[in-house]
$ cat upload31.pdb   # PDB, C-alpha atoms
ATOM      1  CA  MET A   1      51.142 116.102 -62.322
ATOM      2  CA  PRO A   2      50.714 112.399 -61.492
ATOM      3  CA  ALA A   3      53.604 110.177 -62.491
ATOM      4  CA  LEU A   4      54.395 106.488 -62.908
ATOM      5  CA  LYS A   5      57.204 104.354 -61.540
ATOM      6  CA  ILE A   6      58.236 100.717 -61.689
ATOM      7  CA  ASP A   7      57.671  98.412 -58.712
ATOM      8  CA  HIS A   8      60.778  96.284 -58.921
ATOM      9  CA  GLU A   9      59.303  93.672 -56.609
ATOM     10  CA  ARG A  10      56.709  92.930 -59.295
ATOM     11  CA  CYS A  11      58.394  93.791 -62.595
ATOM     12  CA  THR A  12      59.671  90.791 -64.583
ATOM     13  CA  GLN A  13      61.922  92.908 -66.833
ATOM     14  CA  CYS A  14      60.109  91.690 -69.950
ATOM     15  CA  ARG A  15      60.563  95.157 -71.491
ATOM     16  CA  MET A  16      57.144  95.378 -73.107
ATOM     17  CA  CYS A  17      56.803  98.899 -71.651
ATOM     18  CA  TYR A  18      60.178  99.862 -73.129
ATOM     19  CA  ILE A  19      59.183  98.568 -76.562
ATOM     20  CA  VAL A  20      55.798 100.284 -76.575
ATOM     21  CA  CYS A  21      57.187 103.609 -75.326
ATOM     22  CA  ARG A  22      59.880 103.483 -77.994
ATOM     23  CA  GLU A  23      57.319 102.620 -80.692
ATOM     24  CA  ILE A  24      55.344 105.798 -80.032
ATOM     25  CA  ASP A  25      58.574 107.801 -79.776
ATOM     26  CA  ILE A  26      58.152 109.034 -76.226
ATOM     27  CA  ASN A  27      61.168 107.072 -74.985
ATOM     28  CA  ALA A  28      60.452 107.666 -71.320
ATOM     29  CA  VAL A  29      61.147 104.045 -70.399
ATOM     30  CA  TYR A  30      64.820 103.187 -70.257
ATOM     31  CA  VAL A  31      67.199 100.629 -68.857
ATOM     32  CA  ALA A  32      69.150 102.132 -65.950
ATOM     33  CA  LEU A  33      72.715 100.937 -65.732
ATOM     34  CA  GLU A  34      72.832 101.325 -61.947
ATOM     35  CA  PRO A  35      72.165  99.743 -59.575
ATOM     36  CA  LEU A  36      70.842  96.630 -61.281
ATOM     37  CA  HIS A  37      70.435  97.236 -65.004
ATOM     38  CA  ARG A  38      66.689  97.391 -64.750
ATOM     39  CA  ILE A  39      63.740  99.210 -66.294
ATOM     40  CA  GLU A  40      62.966 102.729 -65.054
ATOM     41  CA  ILE A  41      60.641 105.549 -66.138
ATOM     42  CA  ASP A  42      62.032 109.032 -66.823
ATOM     43  CA  MET A  43      59.428 111.317 -65.241
ATOM     44  CA  ASP A  44      60.608 114.263 -67.306
ATOM     45  CA  LYS A  45      59.770 112.463 -70.550
ATOM     46  CA  CYS A  46      56.715 110.431 -69.484
ATOM     47  CA  THR A  47      53.451 112.137 -70.452
ATOM     48  CA  TYR A  48      51.150 110.144 -68.132
ATOM     49  CA  PRO A  49      48.185 110.539 -67.702
ATOM     50  CA  GLY A  50      48.095 111.849 -71.273
ATOM     51  CA  CYS A  51      49.664 108.603 -72.476
ATOM     52  CA  THR A  52      48.888 105.250 -70.857
ATOM     53  CA  ALA A  53      50.315 102.976 -73.570
ATOM     54  CA  CYS A  54      52.760 101.014 -71.388
ATOM     55  CA  LEU A  55      49.938 100.035 -69.042
ATOM     56  CA  MET A  56      48.032  98.304 -71.854
ATOM     57  CA  TYR A  57      50.799  95.812 -72.636
ATOM     58  CA  CYS A  58      52.407  95.161 -69.243
ATOM     59  CA  PRO A  59      51.882  91.520 -68.208
ATOM     60  CA  ALA A  60      53.071  91.737 -64.611
ATOM     61  CA  GLU A  61      50.316  92.690 -62.205
ATOM     62  CA  GLY A  62      51.200  95.638 -59.995
ATOM     63  CA  SER A  63      54.529  96.376 -61.656
ATOM     64  CA  ILE A  64      53.702  99.952 -62.708
ATOM     65  CA  VAL A  65      52.329 102.199 -59.964
ATOM     66  CA  GLU A  66      51.277 105.801 -59.554
ATOM     67  CA  VAL A  67      53.948 107.629 -57.598
ATOM     68  CA  GLU A  68      51.616 109.867 -55.619
ATOM     69  CA  SER A  69      48.933 107.372 -54.684
ATOM     70  CA  GLY A  70      50.954 104.150 -54.782
ATOM     71  CA  ARG A  71      48.051 102.665 -56.712
ATOM     72  CA  SER A  72      48.753  99.696 -59.006
ATOM     73  CA  MET A  73      48.054 100.562 -62.653
ATOM     74  CA  VAL A  74      48.462  96.998 -64.015
ATOM     75  CA  PRO A  75      46.072  95.699 -65.124
ATOM     76  CA  PRO A  76      44.955  99.160 -66.181
ATOM     77  CA  PRO A  77      41.876 100.540 -64.437
ATOM     78  CA  PRO A  78      39.026 101.600 -66.751
ATOM     79  CA  GLU A  79      39.780 105.298 -66.456
ATOM     80  CA  ALA A  80      43.240 104.688 -67.918
ATOM     81  CA  TRP A  81      41.849 103.583 -71.265
ATOM     82  CA  GLN A  82      38.125 104.250 -71.486
ATOM     83  CA  GLU A  83      36.850 107.589 -72.688
ATOM     84  CA  ALA A  84      34.929 109.505 -70.066
TER      85      ALA A  84
ATOM     86  CA  MET B   1      30.629  83.324 -70.157
ATOM     87  CA  HIS B   2      32.808  81.512 -67.603
ATOM     88  CA  PRO B   3      34.105  83.854 -64.853
ATOM     89  CA  ILE B   4      37.738  82.869 -65.557
ATOM     90  CA  LEU B   5      37.444  83.995 -69.174
ATOM     91  CA  GLU B   6      35.528  87.100 -68.178
ATOM     92  CA  GLN B   7      38.288  88.040 -65.752
ATOM     93  CA  PHE B   8      40.976  87.471 -68.379
ATOM     94  CA  LEU B   9      39.123  89.624 -70.908
ATOM     95  CA  ASP B  10      38.468  92.451 -68.480
ATOM     96  CA  ARG B  11      42.005  92.595 -67.161
ATOM     97  CA  TRP B  12      44.140  91.945 -70.230
ATOM     98  CA  VAL B  13      42.187  91.929 -73.496
ATOM     99  CA  TRP B  14      39.778  94.861 -73.479
ATOM    100  CA  PRO B  15      42.173  97.511 -72.121
ATOM    101  CA  THR B  16      43.352  99.177 -75.308
ATOM    102  CA  MET B  17      45.683 102.016 -76.085
ATOM    103  CA  PRO B  18      43.596 104.922 -77.410
ATOM    104  CA  GLY B  19      44.562 105.577 -81.016
ATOM    105  CA  ALA B  20      46.462 102.326 -81.625
ATOM    106  CA  PRO B  21      46.046 101.884 -85.394
ATOM    107  CA  GLY B  22      45.179  98.171 -85.402
ATOM    108  CA  ALA B  23      43.218  98.063 -82.162
ATOM    109  CA  GLU B  24      39.783  98.282 -83.771
ATOM    110  CA  PHE B  25      40.681  95.296 -85.964
ATOM    111  CA  ARG B  26      41.938  93.314 -82.961
ATOM    112  CA  LEU B  27      38.848  94.045 -80.908
ATOM    113  CA  ARG B  28      36.560  93.033 -83.785
ATOM    114  CA  LEU B  29      38.410  89.761 -84.307
ATOM    115  CA  THR B  30      38.340  89.119 -80.590
ATOM    116  CA  LYS B  31      34.597  89.630 -80.298
ATOM    117  CA  GLU B  32      33.722  87.751 -83.494
ATOM    118  CA  LYS B  33      36.110  84.807 -83.245
ATOM    119  CA  CYS B  34      38.579  84.593 -80.378
ATOM    120  CA  VAL B  35      36.184  84.712 -77.438
ATOM    121  CA  LYS B  36      34.265  81.730 -78.789
ATOM    122  CA  GLY B  37      37.479  79.756 -79.229
ATOM    123  CA  TRP B  38      38.789  80.718 -75.800
ATOM    124  CA  GLU B  39      35.509  79.717 -74.148
ATOM    125  CA  ILE B  40      35.576  76.281 -75.802
ATOM    126  CA  SER B  41      39.230  75.822 -74.909
ATOM    127  CA  LEU B  42      38.572  76.766 -71.294
ATOM    128  CA  GLN B  43      35.663  74.337 -71.032
ATOM    129  CA  ARG B  44      37.873  71.571 -72.411
ATOM    130  CA  THR B  45      40.606  72.382 -69.887
ATOM    131  CA  LEU B  46      38.150  72.488 -66.987
ATOM    132  CA  GLY B  47      36.756  69.129 -68.109
ATOM    133  CA  GLU B  48      40.277  67.696 -68.177
ATOM    134  CA  ILE B  49      41.010  69.045 -64.704
ATOM    135  CA  ASP B  50      37.790  67.575 -63.300
ATOM    136  CA  GLU B  51      38.642  64.236 -64.856
ATOM    137  CA  GLU B  52      42.211  64.402 -63.522
ATOM    138  CA  LEU B  53      41.133  65.335 -60.015
ATOM    139  CA  GLY B  54      38.667  62.448 -60.063
ATOM    140  CA  ARG B  55      41.466  59.932 -60.514
ATOM    141  CA  GLU B  56      42.771  58.051 -57.487
ATOM    142  CA  ASP B  57      46.461  58.281 -58.302
ATOM    143  CA  GLU B  58      48.907  60.958 -59.438
ATOM    144  CA  ALA B  59      49.676  59.454 -62.832
ATOM    145  CA  TRP B  60      48.047  62.421 -64.586
ATOM    146  CA  LYS B  61      50.568  64.773 -63.038
ATOM    147  CA  LYS B  62      53.408  62.700 -64.438
ATOM    148  CA  GLU B  63      51.766  62.466 -67.881
ATOM    149  CA  LYS B  64      51.139  66.191 -67.911
ATOM    150  CA  ALA B  65      54.701  67.048 -66.896
ATOM    151  CA  LEU B  66      56.158  64.718 -69.517
ATOM    152  CA  ARG B  67      53.849  66.204 -72.147
ATOM    153  CA  GLY B  68      54.821  69.696 -71.068
ATOM    154  CA  TYR B  69      58.491  68.841 -71.215
ATOM    155  CA  ALA B  70      58.046  67.470 -74.718
ATOM    156  CA  ALA B  71      56.350  70.678 -75.837
ATOM    157  CA  GLU B  72      58.736  73.083 -74.121
ATOM    158  CA  GLY B  73      61.967  71.144 -73.619
ATOM    159  CA  VAL B  74      65.161  73.028 -74.260
ATOM    160  CA  HIS B  75      66.006  71.266 -77.512
ATOM    161  CA  MET B  76      62.423  71.591 -78.765
ATOM    162  CA  SER B  77      62.196  75.250 -77.812
ATOM    163  CA  ILE B  78      65.455  76.154 -79.487
ATOM    164  CA  LYS B  79      64.594  74.226 -82.637
ATOM    165  CA  GLN B  80      61.049  75.483 -83.025
ATOM    166  CA  MET B  81      61.530  79.078 -81.970
ATOM    167  CA  SER B  82      64.733  79.566 -83.897
ATOM    168  CA  GLY B  83      63.005  78.047 -86.924
ATOM    169  CA  GLN B  84      60.359  80.732 -86.627
ATOM    170  CA  LEU B  85      62.939  83.381 -85.793
ATOM    171  CA  LEU B  86      64.802  82.672 -88.999
ATOM    172  CA  SER B  87      61.672  82.481 -91.117
ATOM    173  CA  VAL B  88      61.413  86.251 -91.621
ATOM    174  CA  ASP B  89      63.007  87.118 -94.933
ATOM    175  CA  ILE B  90      65.971  89.481 -94.794
ATOM    176  CA  ALA B  91      64.033  92.125 -96.692
ATOM    177  CA  ASP B  92      61.283  92.014 -94.052
ATOM    178  CA  GLN B  93      63.529  91.954 -91.016
ATOM    179  CA  GLU B  94      63.796  95.687 -90.561
ATOM    180  CA  ARG B  95      60.019  96.059 -90.675
ATOM    181  CA  TYR B  96      59.333  93.141 -88.378
ATOM    182  CA  ILE B  97      62.244  93.417 -85.984
ATOM    183  CA  ASP B  98      59.848  93.221 -83.021
ATOM    184  CA  LEU B  99      58.583  89.880 -84.250
ATOM    185  CA  GLN B 100      62.179  88.667 -84.411
ATOM    186  CA  ARG B 101      62.789  89.923 -80.909
ATOM    187  CA  MET B 102      59.589  88.248 -79.727
ATOM    188  CA  ARG B 103      60.845  84.851 -80.846
ATOM    189  CA  ALA B 104      64.343  85.398 -79.518
ATOM    190  CA  ARG B 105      62.926  86.212 -76.106
ATOM    191  CA  GLN B 106      60.490  83.322 -76.280
ATOM    192  CA  ILE B 107      63.223  80.745 -76.829
ATOM    193  CA  TRP B 108      64.481  81.583 -73.354
ATOM    194  CA  ASP B 109      61.024  81.583 -71.780
ATOM    195  CA  GLU B 110      60.046  78.228 -73.240
ATOM    196  CA  CYS B 111      63.329  76.690 -72.114
ATOM    197  CA  LYS B 112      62.583  77.891 -68.591
ATOM    198  CA  HIS B 113      59.090  76.398 -68.767
ATOM    199  CA  SER B 114      60.552  72.982 -69.473
ATOM    200  CA  LYS B 115      62.428  73.224 -66.177
ATOM    201  CA  LEU B 116      59.120  73.669 -64.360
ATOM    202  CA  HIS B 117      57.857  70.394 -65.773
ATOM    203  CA  ALA B 118      61.142  68.766 -64.772
ATOM    204  CA  ASP B 119      60.646  70.202 -61.264
ATOM    205  CA  VAL B 120      57.392  68.224 -60.943
ATOM    206  CA  LEU B 121      59.015  65.003 -62.131
ATOM    207  CA  LEU B 122      62.003  65.515 -59.832
ATOM    208  CA  GLY B 123      59.933  66.669 -56.873
ATOM    209  CA  LYS B 124      57.633  63.663 -57.066
ATOM    210  CA  GLY B 125      60.609  61.313 -57.378
ATOM    211  CA  TRP B 126      59.629  60.066 -60.831
ATOM    212  CA  ILE B 127      63.080  60.872 -62.205
ATOM    213  CA  LYS B 128      66.424  61.294 -60.446
ATOM    214  CA  ASP B 129      67.812  63.933 -62.796
ATOM    215  CA  GLU B 130      66.744  65.720 -65.950
ATOM    216  CA  ARG B 131      69.103  63.666 -68.093
ATOM    217  CA  GLU B 132      66.791  60.668 -67.634
ATOM    218  CA  LEU B 133      64.176  62.472 -69.685
ATOM    219  CA  MET B 134      66.290  62.007 -72.797
ATOM    220  CA  ASP B 135      65.480  58.301 -72.641
ATOM    221  CA  ILE B 136      61.718  58.717 -72.189
ATOM    222  CA  ALA B 137      59.888  58.920 -75.503
ATOM    223  CA  GLN B 138      56.893  60.674 -73.951
ATOM    224  CA  ALA B 139      59.148  63.559 -72.921
ATOM    225  CA  ASN B 140      60.397  64.010 -76.455
ATOM    226  CA  THR B 141      57.335  63.574 -78.641
ATOM    227  CA  GLN B 142      54.676  66.203 -78.989
ATOM    228  CA  PRO B 143      51.481  65.858 -80.980
ATOM    229  CA  LEU B 144      50.695  69.563 -81.313
ATOM    230  CA  PRO B 145      49.864  70.201 -84.948
ATOM    231  CA  ALA B 146      50.182  73.959 -84.870
ATOM    232  CA  TYR B 147      51.865  76.351 -82.558
ATOM    233  CA  PHE B 148      55.204  74.682 -81.944
ATOM    234  CA  GLY B 149      54.649  71.940 -84.441
ATOM    235  CA  MET B 150      53.485  71.885 -87.980
ATOM    236  CA  SER B 151      53.302  75.611 -88.521
ATOM    237  CA  MET B 152      57.027  75.742 -87.963
ATOM    238  CA  MET B 153      57.310  73.645 -91.122
ATOM    239  CA  PHE B 154      56.000  76.520 -93.197
ATOM    240  CA  PRO B 155      59.005  78.793 -92.942
ATOM    241  CA  HIS B 156      57.620  81.514 -95.160
ATOM    242  CA  ILE B 157      54.435  82.082 -93.247
ATOM    243  CA  HIS B 158      53.835  85.844 -93.039
ATOM    244  CA  PRO B 159      55.522  87.396 -89.992
ATOM    245  CA  LEU B 160      52.223  88.828 -88.778
ATOM    246  CA  ALA B 161      50.672  85.363 -88.719
ATOM    247  CA  ARG B 162      53.058  84.734 -85.831
ATOM    248  CA  ALA B 163      51.496  87.671 -84.013
ATOM    249  CA  ALA B 164      48.078  86.053 -84.469
ATOM    250  CA  GLN B 165      49.473  82.829 -83.042
ATOM    251  CA  ASN B 166      50.772  84.653 -80.007
ATOM    252  CA  TYR B 167      47.544  86.540 -79.471
ATOM    253  CA  TYR B 168      45.195  83.574 -79.778
ATOM    254  CA  GLN B 169      47.251  80.620 -78.579
ATOM    255  CA  GLU B 170      48.999  82.316 -75.683
ATOM    256  CA  ALA B 171      45.623  83.506 -74.419
ATOM    257  CA  ASN B 172      44.611  79.858 -74.313
ATOM    258  CA  ALA B 173      47.744  79.160 -72.283
ATOM    259  CA  CYS B 174      46.928  81.996 -69.874
ATOM    260  CA  ILE B 175      43.339  80.866 -69.428
ATOM    261  CA  GLY B 176      44.467  77.266 -68.908
ATOM    262  CA  ILE B 177      46.913  78.387 -66.234
ATOM    263  CA  MET B 178      44.168  80.372 -64.518
ATOM    264  CA  ALA B 179      41.980  77.248 -64.541
ATOM    265  CA  TYR B 180      44.659  75.038 -62.978
ATOM    266  CA  LEU B 181      45.474  77.624 -60.331
ATOM    267  CA  ASP B 182      41.768  77.895 -59.568
ATOM    268  CA  ARG B 183      41.192  74.163 -59.144
ATOM    269  CA  VAL B 184      44.406  72.358 -58.162
ATOM    270  CA  ASP B 185      46.000  72.467 -54.697
ATOM    271  CA  ASP B 186      49.140  70.378 -55.272
ATOM    272  CA  PRO B 187      52.090  72.752 -54.625
ATOM    273  CA  LEU B 188      54.233  71.302 -57.423
ATOM    274  CA  VAL B 189      51.462  71.483 -60.012
ATOM    275  CA  ARG B 190      50.766  75.043 -58.918
ATOM    276  CA  HIS B 191      54.479  75.835 -59.209
ATOM    277  CA  GLU B 192      54.415  74.350 -62.715
ATOM    278  CA  HIS B 193      51.747  76.882 -63.666
ATOM    279  CA  LEU B 194      52.365  79.860 -61.418
ATOM    280  CA  SER B 195      55.883  80.411 -62.659
ATOM    281  CA  GLN B 196      54.658  80.461 -66.251
ATOM    282  CA  ARG B 197      51.820  82.857 -65.626
ATOM    283  CA  ASP B 198      53.489  86.202 -66.305
ATOM    284  CA  GLU B 199      55.578  84.854 -69.189
ATOM    285  CA  GLU B 200      52.629  83.410 -71.088
ATOM    286  CA  LEU B 201      50.819  86.676 -70.497
ATOM    287  CA  MET B 202      53.826  88.519 -71.861
ATOM    288  CA  HIS B 203      53.747  86.342 -75.001
ATOM    289  CA  PHE B 204      50.065  87.220 -75.368
ATOM    290  CA  MET B 205      50.895  90.907 -74.936
ATOM    291  CA  GLU B 206      53.465  90.643 -77.728
ATOM    292  CA  GLY B 207      50.723  89.482 -80.073
ATOM    293  CA  LYS B 208      48.329  92.148 -78.814
ATOM    294  CA  PHE B 209      50.938  94.882 -79.277
ATOM    295  CA  GLN B 210      51.921  93.772 -82.766
ATOM    296  CA  ILE B 211      48.346  93.532 -84.005
ATOM    297  CA  ASP B 212      47.513  96.891 -82.430
ATOM    298  CA  PHE B 213      50.492  98.607 -84.035
ATOM    299  CA  LEU B 214      51.163  96.735 -87.276
ATOM    300  CA  CYS B 215      47.752  95.587 -88.536
ATOM    301  CA  ALA B 216      46.093  98.788 -89.711
ATOM    302  CA  THR B 217      45.536  97.924 -93.392
ATOM    303  CA  PRO B 218      43.744  95.108 -95.242
ATOM    304  CA  GLU B 219      47.141  93.809 -96.428
ATOM    305  CA  THR B 220      48.522  93.498 -92.916
ATOM    306  CA  GLN B 221      45.246  92.236 -91.446
ATOM    307  CA  GLN B 222      44.837  89.394 -93.930
ATOM    308  CA  PRO B 223      47.637  87.136 -92.583
ATOM    309  CA  VAL B 224      46.270  87.575 -89.061
ATOM    310  CA  GLU B 225      42.780  86.551 -90.142
ATOM    311  CA  GLU B 226      44.133  83.585 -92.081
ATOM    312  CA  ALA B 227      46.264  82.367 -89.192
ATOM    313  CA  LEU B 228      43.371  82.756 -86.799
ATOM    314  CA  GLY B 229      41.111  80.799 -89.140
ATOM    315  CA  TYR B 230      43.691  78.036 -89.296
ATOM    316  CA  LEU B 231      44.094  77.917 -85.544
ATOM    317  CA  LEU B 232      40.364  77.942 -84.861
ATOM    318  CA  HIS B 233      39.214  75.542 -87.535
ATOM    319  CA  GLN B 234      42.068  73.230 -88.412
ATOM    320  CA  VAL B 235      43.618  72.958 -84.977
ATOM    321  CA  GLY B 236      40.817  73.762 -82.571
ATOM    322  CA  GLY B 237      38.021  72.093 -84.522
ATOM    323  CA  ILE B 238      35.930  75.195 -83.921
ATOM    324  CA  ARG B 239      33.510  76.458 -86.585
TER     325      ARG B 239
END

$ encode --input "upload31.pdb" --output "structure tokens"
Amino acid sequence: MPALKIDHERCTQCRMCYIVCREIDINAVYVALEPLHRIEIDMDKCTYPGCTACLMYCPAEGSIVEVESGRSMVPPPPEAWQEA
Amino acid sequence: MHPILEQFLDRWVWPTMPGAPGAEFRLRLTKEKCVKGWEISLQRTLGEIDEELGREDEAWKKEKALRGYAAEGVHMSIKQMSGQLLSVDIADQERYIDLQRMRARQIWDECKHSKLHADVLLGKGWIKDERELMDIAQANTQPLPAYFGMSMMFPHIHPLARAAQNYYQEANACIGIMAYLDRVDDPLVRHEHLSQRDEELMHFMEGKFQIDFLCATPETQQPVEEALGYLLHQVGGIR
């Protein structure tokens, strides 16, 4: 299954993804204590591509990427939010 | 539609979480009201930039930085944002904790923005240190009637009206930044805008998220519509 990860070179740590993921009770986004107290995505909890909520509210271009392809998902490409 | 606005809409406004309970309401408001306001605002900003770039000196950069400092200076940001932060009644705080968090975070962001304006004034040699700004009236007086200004004087405005402010007004900020970055080459002016870009977009996203998740009923949609009407008509002069 495809998965998402944070690009820490781009992420501004605004935590919008954390807030959204918490709001819909998936809780895959968390703040890792090591090494730098920064946002990470728990791949075991994340339901992407079934859920793409974090992508819709992330303001930092390129900060969430697909693990397999390395493709930037911010801003979200049409297939991430438009019905086929 | 201007390409800058079209790009902003396509990248940040139209992408919508499937199933978000207030999203249909947000998209309707956007199409019926916001886009028109954003287009007018963008045209005004582009007109200002053209006029500024047509001047022979750099006085406009100083005026703009002083005006920016007045709007986002540390003391102003703390006063205005904390005023809004504290305006949510205790009984409502549990329900609107994200709106509280939004303002708490924004105090910090706005304070940082004031440093960017100071960077321009320092970099151009117009001031020797930031302390000098305390003695310059222009750096401490802001004429904005709404967002940071007069609306703060209505402490019991509905919490969701703040979300409407963030959605509509911060989009204007984002579009304005895009316009300056598109037209102006001066490294310090670009720095003044570039460093704000993601933060203003984050403030916009806060409004987008809160409308999408909290405005699913006529009762919760009403304060958003009212705030938007106020911002468009009373502040923007748009009918």

$ resolve_selection --input "upload31.pdb" --expression "the PyMOL selection byres ((chain B and resi 99) around 9)" --output "ChimeraX atom specification"
/B:85,88,93,96-98,100-104,159-160,162-163,206-207,210

$ interface_residues --input "upload31.pdb" --of "chain B" --to "chain A" --cutoff "10 Å" --atoms "all atoms listed in the file" --output "ChimeraX atom specification"
/B:10-20,98,105,197-210,213

$ write_last_selection --input "upload31.pdb" --atoms "C-alpha atoms" --output "PDB file, in the frame of the given file"
ATOM      1  CA  ASP B  10      38.468  92.451 -68.480  1.00  0.00           C
ATOM      2  CA  ARG B  11      42.005  92.595 -67.161  1.00  0.00           C
ATOM      3  CA  TRP B  12      44.140  91.945 -70.230  1.00  0.00           C
ATOM      4  CA  VAL B  13      42.187  91.929 -73.496  1.00  0.00           C
ATOM      5  CA  TRP B  14      39.778  94.861 -73.479  1.00  0.00           C
ATOM      6  CA  PRO B  15      42.173  97.511 -72.121  1.00  0.00           C
ATOM      7  CA  THR B  16      43.352  99.177 -75.308  1.00  0.00           C
ATOM      8  CA  MET B  17      45.683 102.016 -76.085  1.00  0.00           C
ATOM      9  CA  PRO B  18      43.596 104.922 -77.410  1.00  0.00           C
ATOM     10  CA  GLY B  19      44.562 105.577 -81.016  1.00  0.00           C
ATOM     11  CA  ALA B  20      46.462 102.326 -81.625  1.00  0.00           C
ATOM     12  CA  ASP B  98      59.848  93.221 -83.021  1.00  0.00           C
ATOM     13  CA  ARG B 105      62.926  86.212 -76.106  1.00  0.00           C
ATOM     14  CA  ARG B 197      51.820  82.857 -65.626  1.00  0.00           C
ATOM     15  CA  ASP B 198      53.489  86.202 -66.305  1.00  0.00           C
ATOM     16  CA  GLU B 199      55.578  84.854 -69.189  1.00  0.00           C
ATOM     17  CA  GLU B 200      52.629  83.410 -71.088  1.00  0.00           C
ATOM     18  CA  LEU B 201      50.819  86.676 -70.497  1.00  0.00           C
ATOM     19  CA  MET B 202      53.826  88.519 -71.861  1.00  0.00           C
ATOM     20  CA  HIS B 203      53.747  86.342 -75.001  1.00  0.00           C
ATOM     21  CA  PHE B 204      50.065  87.220 -75.368  1.00  0.00           C
ATOM     22  CA  MET B 205      50.895  90.907 -74.936  1.00  0.00           C
ATOM     23  CA  GLU B 206      53.465  90.643 -77.728  1.00  0.00           C
ATOM     24  CA  GLY B 207      50.723  89.482 -80.073  1.00  0.00           C
ATOM     25  CA  LYS B 208      48.329  92.148 -78.814  1.00  0.00           C
ATOM     26  CA  PHE B 209      50.938  94.882 -79.277  1.00  0.00           C
ATOM     27  CA  GLN B 210      51.921  93.772 -82.766  1.00  0.00           C
ATOM     28  CA  PHE B 213      50.492  98.607 -84.035  1.00  0.00           C
TER      29      PHE B 213
END

$ residues_around --input "upload31.pdb" --residues "His158 in chain B" --least-positions-apart "5" --cutoff "9 Å" --atoms "only C-alpha atoms" --output "MDAnalysis selection string"
chainID B and resid 87:88 223:224

$ residues_around --input "upload31.pdb" --residues "Asp119 in chain B" --least-positions-apart "2" --cutoff "12 Å" --atoms "only C-alpha atoms" --output "NGL selection string"
:B and (61-62 or 65-66 or 68-69 or 112-117 or 121-130 or 133 or 187-193 or 195)

$ residues_around --input "upload31.pdb" --residues "Phe8 in chain B" --least-positions-apart "3" --cutoff "9 Å" --atoms "only C-alpha atoms" --output "PyMOL selection string"
chain B and resi 3-5+11-13+171+174-175+178

$ atom_distance --input "upload31.pdb" --atom1 "CA of Leu231 in chain B" --atom2 "CA of Tyr168 in chain B"
8.2 Å

$ atom_distance --input "upload31.pdb" --atom1 "CA of Gly229 in chain B" --atom2 "CA of Gln84 in chain B"
19.4 Å

$ closest_residue --input "upload31.pdb" --among "A:Ala28, A:Cys21, A:Met1, A:Ile6" --to "Met73 in chain A" --atoms "only C-alpha atoms"
A:Ile6

$ closest_residue --input "upload31.pdb" --among "A:Glu34, A:Gln13, A:Ser63, A:Leu4" --to "Cys46 in chain A" --atoms "only C-alpha atoms"
A:Leu4

$ atom_distance --input "upload31.pdb" --atom1 "CA of Trp108 in chain B" --atom2 "CA of Arg38 in chain A"
18.1 Å

$ closest_residue --input "upload31.pdb" --among "A:Cys17, A:Ala3, A:Val29, A:Val65" --to "Gly50 in chain A" --atoms "all atoms listed in the file"
A:Ala3

$ resolve_selection --input "upload31.pdb" --expression "the PyMOL selection byres ((chain A and resi 45) around 8)" --output "PyMOL selection string"
chain A and resi 26-28+42-44+46-47

$ axis_aligned_box --input "upload31.pdb" --around "range 31-37 of chain A" --padding-each-side "8 Å" --output "lines of an AutoDock Vina configuration file"
center_x = 70.0
center_y = 99.4
center_z = -64.2
size_x = 21.6
size_y = 21.5
size_z = 25.3

$ resolve_selection --input "upload31.pdb" --expression "the PyMOL selection byres ((chain B and resi 140) around 9)" --output "VMD selection string"
chain B and resid 66 to 67 69 to 71 73 76 133 to 139 141 to 142
